[in-house]
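Have a look at query-v9.cif below; it lists mmCIF, C-alpha atoms.
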```
data_model
loop_
_atom_site.label_atom_id
_atom_site.label_comp_id
_atom_site.auth_asym_id
_atom_site.auth_seq_id
_atom_site.Cartn_x
_atom_site.Cartn_y
_atom_site.Cartn_z
CA MET A 1 34.69 -34.68 44.74
CA GLU A 2 34.46 -36.75 41.57
CA ASN A 3 33.38 -39.79 43.59
CA ILE A 4 30.51 -37.80 45.15
CA GLN A 5 29.32 -36.55 41.76
CA GLY A 6 29.52 -40.07 40.33
CA SER A 7 27.46 -41.53 43.16
CA LEU A 8 24.78 -38.83 42.70
CA GLU A 9 24.58 -39.58 38.98
CA LYS A 10 24.03 -43.28 39.72
CA GLU A 11 21.14 -42.65 42.11
CA CYS A 12 17.85 -43.98 40.82
CA TRP A 13 14.68 -42.68 42.49
CA THR A 14 11.82 -45.16 42.77
CA LYS A 15 9.23 -42.49 43.53
CA VAL A 16 9.17 -38.85 42.48
CA ILE A 17 6.49 -36.53 43.90
CA THR A 18 5.95 -33.38 41.87
CA ALA A 19 3.37 -30.61 41.68
CA ARG A 20 0.32 -31.46 39.58
CA HIS A 21 -0.56 -29.19 36.74
CA ARG A 22 -3.22 -31.03 34.78
CA LEU A 23 -6.90 -30.61 35.55
CA LEU A 24 -7.68 -34.28 36.17
CA ASP A 25 -4.35 -35.84 37.10
CA LEU A 26 -5.76 -38.89 38.89
CA HIS A 27 -2.55 -40.97 38.84
CA LEU A 28 -4.48 -44.15 38.13
CA ARG A 29 -1.26 -46.15 37.89
CA ASP A 30 -0.47 -45.18 41.46
CA VAL A 31 -3.97 -46.18 42.50
CA TYR A 32 -3.42 -49.62 40.99
CA ARG A 33 0.00 -49.85 42.61
CA TYR A 34 -1.58 -49.13 45.98
CA ARG A 35 -4.39 -51.67 45.54
CA ASP A 36 -3.28 -53.46 48.71
CA LEU A 37 -3.94 -50.23 50.58
CA ILE A 38 -7.51 -50.21 49.23
CA VAL A 39 -8.04 -53.69 50.65
CA MET A 40 -6.59 -52.56 53.97
CA PHE A 41 -8.96 -49.57 54.11
CA ILE A 42 -11.94 -51.86 53.41
CA LYS A 43 -10.93 -54.15 56.26
CA ARG A 44 -10.35 -51.16 58.53
CA ASP A 45 -13.80 -49.72 57.92
CA PHE A 46 -15.41 -53.11 58.47
CA VAL A 47 -13.62 -53.73 61.77
CA VAL A 48 -14.23 -50.21 63.10
CA GLN A 49 -17.93 -50.28 62.28
CA TYR A 50 -18.72 -53.65 63.83
CA LYS A 51 -16.12 -53.89 66.57
CA GLN A 52 -17.69 -54.76 69.95
CA THR A 53 -21.11 -55.45 68.45
CA ILE A 54 -23.24 -58.50 69.22
CA LEU A 55 -24.73 -59.20 65.79
CA GLY A 56 -21.91 -57.83 63.64
CA PRO A 57 -22.55 -58.10 59.86
CA LEU A 58 -26.10 -59.30 60.52
CA TRP A 59 -26.97 -55.61 60.81
CA TYR A 60 -26.59 -55.49 57.02
CA LEU A 61 -29.74 -57.62 56.87
CA ILE A 62 -31.61 -56.54 59.99
CA GLN A 63 -31.75 -52.85 59.07
CA PRO A 64 -33.37 -53.24 55.61
CA ILE A 65 -35.72 -55.94 56.89
CA MET A 66 -36.99 -53.75 59.74
CA SER A 67 -37.29 -50.74 57.43
CA SER A 68 -39.25 -52.83 54.92
CA ILE A 69 -41.66 -54.01 57.61
CA VAL A 70 -42.31 -50.41 58.66
CA TYR A 71 -42.85 -49.36 55.02
CA ILE A 72 -45.30 -52.22 54.49
CA PHE A 73 -47.36 -51.03 57.42
CA VAL A 74 -47.19 -47.27 56.70
CA PHE A 75 -47.27 -47.09 52.91
CA GLY A 76 -48.89 -50.43 52.12
CA ARG A 77 -51.52 -50.72 54.84
CA LEU A 78 -52.22 -47.14 55.97
CA ALA A 79 -51.57 -45.17 52.78
CA ASN A 80 -52.69 -48.07 50.54
CA ILE A 81 -50.02 -47.38 47.90
CA GLY A 82 -49.63 -50.15 45.33
CA THR A 83 -46.47 -51.99 44.39
CA ASP A 84 -47.18 -52.81 40.71
CA GLY A 85 -48.12 -56.35 41.69
CA VAL A 86 -44.74 -57.07 43.30
CA PRO A 87 -44.86 -58.78 46.73
CA PRO A 88 -44.56 -55.93 49.24
CA MET A 89 -41.60 -57.40 51.11
CA MET A 90 -39.56 -57.74 47.90
CA PHE A 91 -40.63 -54.34 46.67
CA TYR A 92 -39.66 -52.42 49.80
CA PHE A 93 -36.57 -54.51 50.55
CA GLY A 94 -35.15 -53.93 47.06
CA GLY A 95 -35.83 -50.20 47.20
CA THR A 96 -34.39 -49.85 50.70
CA MET A 97 -31.33 -51.87 49.72
CA LEU A 98 -30.45 -49.63 46.75
CA TRP A 99 -31.29 -46.38 48.53
CA THR A 100 -29.11 -47.30 51.52
CA TYR A 101 -26.29 -48.13 49.12
CA PHE A 102 -26.62 -44.74 47.43
CA THR A 103 -26.75 -42.74 50.66
CA SER A 104 -23.82 -44.70 52.13
CA CYS A 105 -21.67 -43.90 49.08
CA LEU A 106 -22.73 -40.25 49.25
CA THR A 107 -22.06 -39.72 52.96
CA GLY A 108 -18.83 -41.73 52.84
CA ALA A 109 -17.41 -39.62 50.01
CA SER A 110 -18.64 -36.36 51.53
CA ASN A 111 -16.57 -37.03 54.67
CA VAL A 112 -13.45 -38.25 52.89
CA PHE A 113 -11.28 -35.22 53.76
CA ILE A 114 -12.57 -34.61 57.26
CA SER A 115 -12.48 -38.27 58.34
CA ASN A 116 -8.98 -38.88 57.00
CA GLN A 117 -7.31 -35.53 57.67
CA ASN A 118 -4.81 -37.04 60.10
CA ILE A 119 -3.61 -39.57 57.53
CA PHE A 120 -3.68 -37.18 54.58
CA SER A 121 -1.58 -34.60 56.41
CA LYS A 122 1.20 -37.03 57.37
CA VAL A 123 1.65 -39.72 54.73
CA TYR A 124 1.67 -39.66 50.95
CA PHE A 125 -0.47 -42.14 49.03
CA PRO A 126 -2.97 -41.69 46.18
CA ARG A 127 -5.88 -39.95 47.88
CA LEU A 128 -8.33 -41.49 45.43
CA THR A 129 -7.79 -44.86 47.12
CA VAL A 130 -9.91 -43.71 50.08
CA PRO A 131 -13.23 -42.99 48.26
CA ILE A 132 -12.65 -46.07 46.10
CA SER A 133 -12.24 -48.29 49.17
CA THR A 134 -15.26 -46.71 50.87
CA THR A 135 -17.50 -47.34 47.86
CA ALA A 136 -16.12 -50.87 47.44
CA GLY A 137 -17.00 -51.61 51.06
CA HIS A 138 -20.59 -50.51 50.45
CA VAL A 139 -20.73 -52.74 47.36
CA ILE A 140 -19.85 -55.71 49.56
CA LYS A 141 -22.72 -54.82 51.92
CA LEU A 142 -25.07 -54.55 48.95
CA LEU A 143 -24.05 -57.99 47.69
CA ILE A 144 -24.77 -59.52 51.12
CA GLN A 145 -28.24 -57.96 51.06
CA SER A 146 -28.74 -59.19 47.49
CA VAL A 147 -28.30 -62.76 48.71
CA LEU A 148 -31.26 -62.28 51.05
CA LEU A 149 -33.26 -60.77 48.17
CA ALA A 150 -32.53 -63.93 46.19
CA VAL A 151 -33.94 -65.96 49.09
CA PHE A 152 -37.12 -63.89 48.88
CA TYR A 153 -37.20 -64.65 45.15
CA VAL A 154 -37.16 -68.39 45.74
CA TYR A 155 -39.77 -68.17 48.50
CA TYR A 156 -42.29 -66.14 46.51
CA MET A 157 -41.77 -68.08 43.28
CA LEU A 158 -42.42 -71.36 45.14
CA HIS A 159 -45.65 -69.85 46.48
CA GLY A 160 -46.80 -68.82 43.01
CA GLU A 161 -46.42 -65.06 43.42
CA ALA A 162 -46.19 -62.84 40.33
CA VAL A 163 -42.41 -62.42 40.26
CA ARG A 164 -41.13 -62.26 36.69
CA PRO A 165 -37.41 -61.45 36.54
CA THR A 166 -36.02 -60.67 33.09
CA TRP A 167 -32.71 -61.66 31.55
CA TRP A 168 -31.58 -58.09 32.12
CA LEU A 169 -31.23 -58.97 35.79
CA PHE A 170 -27.76 -60.32 34.94
CA ALA A 171 -26.85 -56.71 34.13
CA PHE A 172 -27.49 -55.76 37.77
CA PRO A 173 -23.77 -54.89 38.24
CA LEU A 174 -24.32 -52.01 35.80
CA ILE A 175 -26.96 -50.53 38.10
CA VAL A 176 -24.62 -51.02 41.06
CA LEU A 177 -21.88 -49.16 39.15
CA TRP A 178 -24.35 -46.45 38.10
CA ILE A 179 -25.67 -45.77 41.60
CA GLY A 180 -22.22 -46.05 43.19
CA THR A 181 -20.75 -43.57 40.71
CA LEU A 182 -23.60 -41.13 41.25
CA GLY A 183 -23.49 -41.31 45.06
CA THR A 184 -19.69 -41.08 45.27
CA SER A 185 -19.51 -38.24 42.75
CA VAL A 186 -22.12 -36.14 44.54
CA GLY A 187 -20.31 -36.91 47.80
CA LEU A 188 -17.00 -35.65 46.40
CA ILE A 189 -18.69 -32.42 45.33
CA VAL A 190 -20.15 -31.99 48.82
CA SER A 191 -16.77 -32.77 50.42
CA SER A 192 -15.24 -29.77 48.65
CA LEU A 193 -17.73 -27.55 50.48
CA THR A 194 -17.75 -29.24 53.90
CA THR A 195 -13.99 -28.74 54.28
CA LYS A 196 -14.72 -25.01 54.59
CA TYR A 197 -18.27 -25.03 55.93
CA ARG A 198 -18.72 -27.82 58.48
CA ASP A 199 -22.39 -27.09 59.15
CA LEU A 200 -23.24 -28.26 55.63
CA VAL A 201 -22.98 -31.81 56.98
CA HIS A 202 -26.24 -31.25 58.84
CA LEU A 203 -27.84 -29.89 55.67
CA LEU A 204 -26.70 -33.00 53.80
CA THR A 205 -28.31 -35.31 56.37
CA PHE A 206 -31.57 -33.39 56.18
CA GLY A 207 -31.45 -33.30 52.37
CA ILE A 208 -30.96 -37.07 52.12
CA GLN A 209 -34.02 -37.69 54.29
CA LEU A 210 -36.18 -35.43 52.12
CA SER A 211 -34.83 -36.67 48.78
CA MET A 212 -35.92 -40.23 49.56
CA TYR A 213 -39.54 -39.15 49.18
CA ALA A 214 -38.70 -37.55 45.82
CA THR A 215 -37.33 -40.93 44.67
CA PRO A 216 -39.47 -44.01 43.89
CA VAL A 217 -38.15 -45.97 46.86
CA VAL A 218 -41.34 -46.68 48.82
CA TYR A 219 -43.68 -46.30 45.87
CA PRO A 220 -43.49 -47.21 42.17
CA LEU A 221 -43.23 -44.57 39.46
CA SER A 222 -46.69 -45.56 38.21
CA GLU A 223 -48.24 -44.30 41.47
CA ALA A 224 -46.78 -40.81 41.08
CA PRO A 225 -49.05 -38.06 39.65
CA GLN A 226 -48.17 -37.09 36.08
CA LYS A 227 -47.88 -33.40 36.99
CA PHE A 228 -44.99 -34.18 39.36
CA PHE A 229 -42.98 -36.20 36.85
CA TRP A 230 -40.56 -33.27 36.41
CA VAL A 231 -39.35 -34.02 39.96
CA PHE A 232 -38.31 -37.53 38.95
CA TYR A 233 -36.60 -36.26 35.81
CA ALA A 234 -34.64 -33.82 37.96
CA ASN A 235 -33.74 -36.58 40.45
CA PRO A 236 -31.04 -38.79 38.86
CA MET A 237 -31.74 -41.64 41.31
CA SER A 238 -35.27 -42.19 39.99
CA ALA A 239 -34.19 -43.90 36.76
CA PRO A 240 -31.85 -46.60 38.18
CA MET A 241 -34.26 -47.30 41.03
CA GLU A 242 -37.20 -47.93 38.72
CA LEU A 243 -35.04 -49.70 36.14
CA PHE A 244 -34.01 -52.22 38.78
CA ARG A 245 -37.67 -53.12 39.35
CA VAL A 246 -38.22 -53.52 35.62
CA TRP A 247 -35.26 -55.90 35.36
CA ALA A 248 -35.71 -57.73 38.67
CA TYR A 249 -39.51 -57.96 38.97
CA GLY A 250 -40.79 -57.38 35.45
CA ALA A 251 -42.92 -54.52 36.79
CA GLY A 252 -43.11 -50.84 35.94
CA SER A 253 -41.45 -48.87 33.16
CA VAL A 254 -38.89 -46.12 32.78
CA PRO A 255 -39.13 -43.41 30.08
CA LEU A 256 -36.07 -43.33 27.83
CA ASN A 257 -35.68 -39.60 28.38
CA MET A 258 -35.45 -40.15 32.13
CA LEU A 259 -32.68 -42.71 31.63
CA LEU A 260 -30.70 -40.37 29.39
CA VAL A 261 -31.09 -37.43 31.77
CA SER A 262 -29.95 -39.54 34.72
CA LEU A 263 -26.92 -40.88 32.84
CA GLY A 264 -26.01 -37.36 31.75
CA VAL A 265 -26.26 -36.00 35.28
CA THR A 266 -24.20 -38.93 36.59
CA ALA A 267 -21.45 -38.27 34.03
CA ALA A 268 -21.44 -34.55 34.85
CA CYS A 269 -21.28 -35.22 38.59
CA ALA A 270 -18.42 -37.68 38.07
CA PHE A 271 -16.42 -35.08 36.11
CA PHE A 272 -16.95 -32.22 38.54
CA GLY A 273 -16.54 -34.50 41.56
CA LEU A 274 -13.14 -35.74 40.39
CA MET A 275 -12.09 -32.23 39.36
CA LEU A 276 -12.92 -30.80 42.80
CA PHE A 277 -11.34 -33.80 44.52
CA VAL A 278 -8.04 -33.26 42.70
CA LYS A 279 -8.18 -29.56 43.51
CA ASN A 280 -9.02 -30.07 47.19
CA GLU A 281 -6.43 -32.72 47.89
CA ARG A 282 -3.70 -30.16 47.17
CA SER A 283 -4.89 -27.53 49.63
CA PHE A 284 -7.36 -29.06 52.11
CA VAL A 285 -4.71 -29.30 54.85
CA ASP A 286 -4.45 -25.51 54.85
CA VAL A 287 -8.23 -25.16 55.10
CA ILE A 288 -9.18 -27.73 57.75
#
```

Please render this file's structure as structure tokens.
Amino acid sequence: MENIQGSLEKECWTKVITARHRLLDLHLRDVYRYRDLIVMFIKRDFVVQYKQTILGPLWYLIQPIMSSIVYIFVFGRLANIGTDGVPPMMFYFGGTMLWTYFTSCLTGASNVFISNQNIFSKVYFPRLTVPISTTAGHVIKLLIQSVLLAVFYVYYMLHGEAVRPTWWLFAFPLIVLWIGTLGTSVGLIVSSLTTKYRDLVHLLTFGIQLSMYATPVVYPLSEAPQKFFWVFYANPMSAPMELFRVWAYGAGSVPLNMLLVSLGVTAACAFFGLMLFVKNERSFVDVI
């Protein structure tokens, strides 16, 4: 009996799973410890998306190029909407690139519980690794598209076009972080609702399509009527989208108040998104 008690006292547990009591107990140390799992999730998503495709990762470039060509014809030629002097291809490609990145982060985070319910219900690992890996995968896609945008830069500068990038362009990673945080945070908020109400996924798809036209993606902020500026203040994606054009093309301007409102909304969405994520990961198995 004494030998059994002595052996129990010598046991040293490497991992202890307990109930969480704090509001935002994110277990960031565990997330760092499972960083190899994040890499594995990124590879998994890449392979699943482009398995048995002919062009593979080239779709990263083909989709924004084709969208930009359509926008040039519809908004540039038919609607005759200006681009603040920026070459149309660069203008629409840059806007499409950032908007696609935002919507991909949003939809990826909004499906985090539904898409991974089989894994979440069987194996323990920090659940936060999944939205992190999803967003990181979209960042990689954005960087690939940015290389093509740099090619456009060189082409238009050699042809004497009015492309005037500023030194702030080196701060482009901040805009990537800003948009990624906003899209992922809103997605986490939506995911807390779609676990109970599946039909909200259709509403999200419809809402994304409409919100693009309330964001300066296919038109500059200078082309928007002054009386509708409240829409762009209420839309947190307007500020980073227009700020990118100011930094990258030296065109347009962003009111300081719009920047502050967007940053405030992003911070609020990040807080509530993480709070709801922590709350849902405890009980979503019982709901789905």

Distance criterion (all atoms listed in the file): nearest to Arg245 of chain A out of A:Leu61, A:Ile69, A:Val47, A:Met90
A:Met90

To verify the selection step, state as a PyMOL selection string which residues the PyMOL selection byres ((chain A and resi 105) around 7) yields on this input.
chain A and resi 101-104+106-109+135+138+180+183-184

Apply the PyMOL selection byres ((chain A and resi 231-239) around 9) to the displayed file and report the matching residues as a ChimeraX atom specification.
/A:99,102,179,182,211,214-217,221,228-230,240-244,254-255,257-266

Could you turn the residues from that selection into a file that holds C-alpha atoms, as a PDB file, in the coordinates of the input?
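Output contents, as saved in out_18.pdb:
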```pdb
ATOM      1  CA  TRP A  99     -31.290 -46.380  48.530  1.00  0.00           C
ATOM      2  CA  PHE A 102     -26.620 -44.740  47.430  1.00  0.00           C
ATOM      3  CA  ILE A 179     -25.670 -45.770  41.600  1.00  0.00           C
ATOM      4  CA  LEU A 182     -23.600 -41.130  41.250  1.00  0.00           C
ATOM      5  CA  SER A 211     -34.830 -36.670  48.780  1.00  0.00           C
ATOM      6  CA  ALA A 214     -38.700 -37.550  45.820  1.00  0.00           C
ATOM      7  CA  THR A 215     -37.330 -40.930  44.670  1.00  0.00           C
ATOM      8  CA  PRO A 216     -39.470 -44.010  43.890  1.00  0.00           C
ATOM      9  CA  VAL A 217     -38.150 -45.970  46.860  1.00  0.00           C
ATOM     10  CA  LEU A 221     -43.230 -44.570  39.460  1.00  0.00           C
ATOM     11  CA  PHE A 228     -44.990 -34.180  39.360  1.00  0.00           C
ATOM     12  CA  PHE A 229     -42.980 -36.200  36.850  1.00  0.00           C
ATOM     13  CA  TRP A 230     -40.560 -33.270  36.410  1.00  0.00           C
ATOM     14  CA  PRO A 240     -31.850 -46.600  38.180  1.00  0.00           C
ATOM     15  CA  MET A 241     -34.260 -47.300  41.030  1.00  0.00           C
ATOM     16  CA  GLU A 242     -37.200 -47.930  38.720  1.00  0.00           C
ATOM     17  CA  LEU A 243     -35.040 -49.700  36.140  1.00  0.00           C
ATOM     18  CA  PHE A 244     -34.010 -52.220  38.780  1.00  0.00           C
ATOM     19  CA  VAL A 254     -38.890 -46.120  32.780  1.00  0.00           C
ATOM     20  CA  PRO A 255     -39.130 -43.410  30.080  1.00  0.00           C
ATOM     21  CA  ASN A 257     -35.680 -39.600  28.380  1.00  0.00           C
ATOM     22  CA  MET A 258     -35.450 -40.150  32.130  1.00  0.00           C
ATOM     23  CA  LEU A 259     -32.680 -42.710  31.630  1.00  0.00           C
ATOM     24  CA  LEU A 260     -30.700 -40.370  29.390  1.00  0.00           C
ATOM     25  CA  VAL A 261     -31.090 -37.430  31.770  1.00  0.00           C
ATOM     26  CA  SER A 262     -29.950 -39.540  34.720  1.00  0.00           C
ATOM     27  CA  LEU A 263     -26.920 -40.880  32.840  1.00  0.00           C
ATOM     28  CA  GLY A 264     -26.010 -37.360  31.750  1.00  0.00           C
ATOM     29  CA  VAL A 265     -26.260 -36.000  35.280  1.00  0.00           C
ATOM     30  CA  THR A 266     -24.200 -38.930  36.590  1.00  0.00           C
TER      31      THR A 266
END
```

Evaluate the PyMOL selection byres ((chain A and resi 167) around 12) here and jot the selected residues down as a ChimeraX atom specification.
/A:164-166,168-172,244,246-250

List every protein, DNA or RNA residue that has at least one atom no more than 12 Å from (-20.5, -57.0, 53.0) in the file's coordinates, counting all atoms listed in the file, and write the result as a ChimeraX atom specification.
/A:42-43,45-47,49-50,56-61,101,134-147

One decimal, in Å: what's the spacing between atom CA of Ile175 of chain A and atom CA of Val112 of chain A?
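Straight-line distance from atom CA of Ile175 of chain A to atom CA of Val112 of chain A works out to 23.5 Å.
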
Grab all the atoms of segment 272-276 of chain A that the file lists, wrap them in a box along x, y and z, add 6 Å per side, and give me centre plus edge lengths in Å (one decimal) as JSON.
```
{"center_x": -14.5, "center_y": -33.3, "center_z": 40.7, "size_x": 16.9, "size_y": 16.9, "size_z": 16.3}
```

Please provide the set of residues having any atom within 7 Å of segment 74-84 of chain A, restricted to only C-alpha atoms, with same-chain residues fewer than 3 positions apart removed, written as a list of chain:residue names.
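Here the qualifying residues turn out to be A:Val70, A:Tyr71, A:Pro88, A:Phe91, A:Tyr219, A:Pro220, A:Ala251, A:Gly252.
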
So the first atom is atom CA of Thr96 of chain A and the second is atom CA of Leu276 of chain A; what is the distance between them in Å, to one decimal place?
29.8 Å

Between atom CA of Gly160 of chain A and atom CA of Val86 of chain A, what distance in Å does the model show, to one decimal?
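Taking atom CA of Gly160 of chain A as the start and atom CA of Val86 of chain A as the end point, the length is 11.9 Å.
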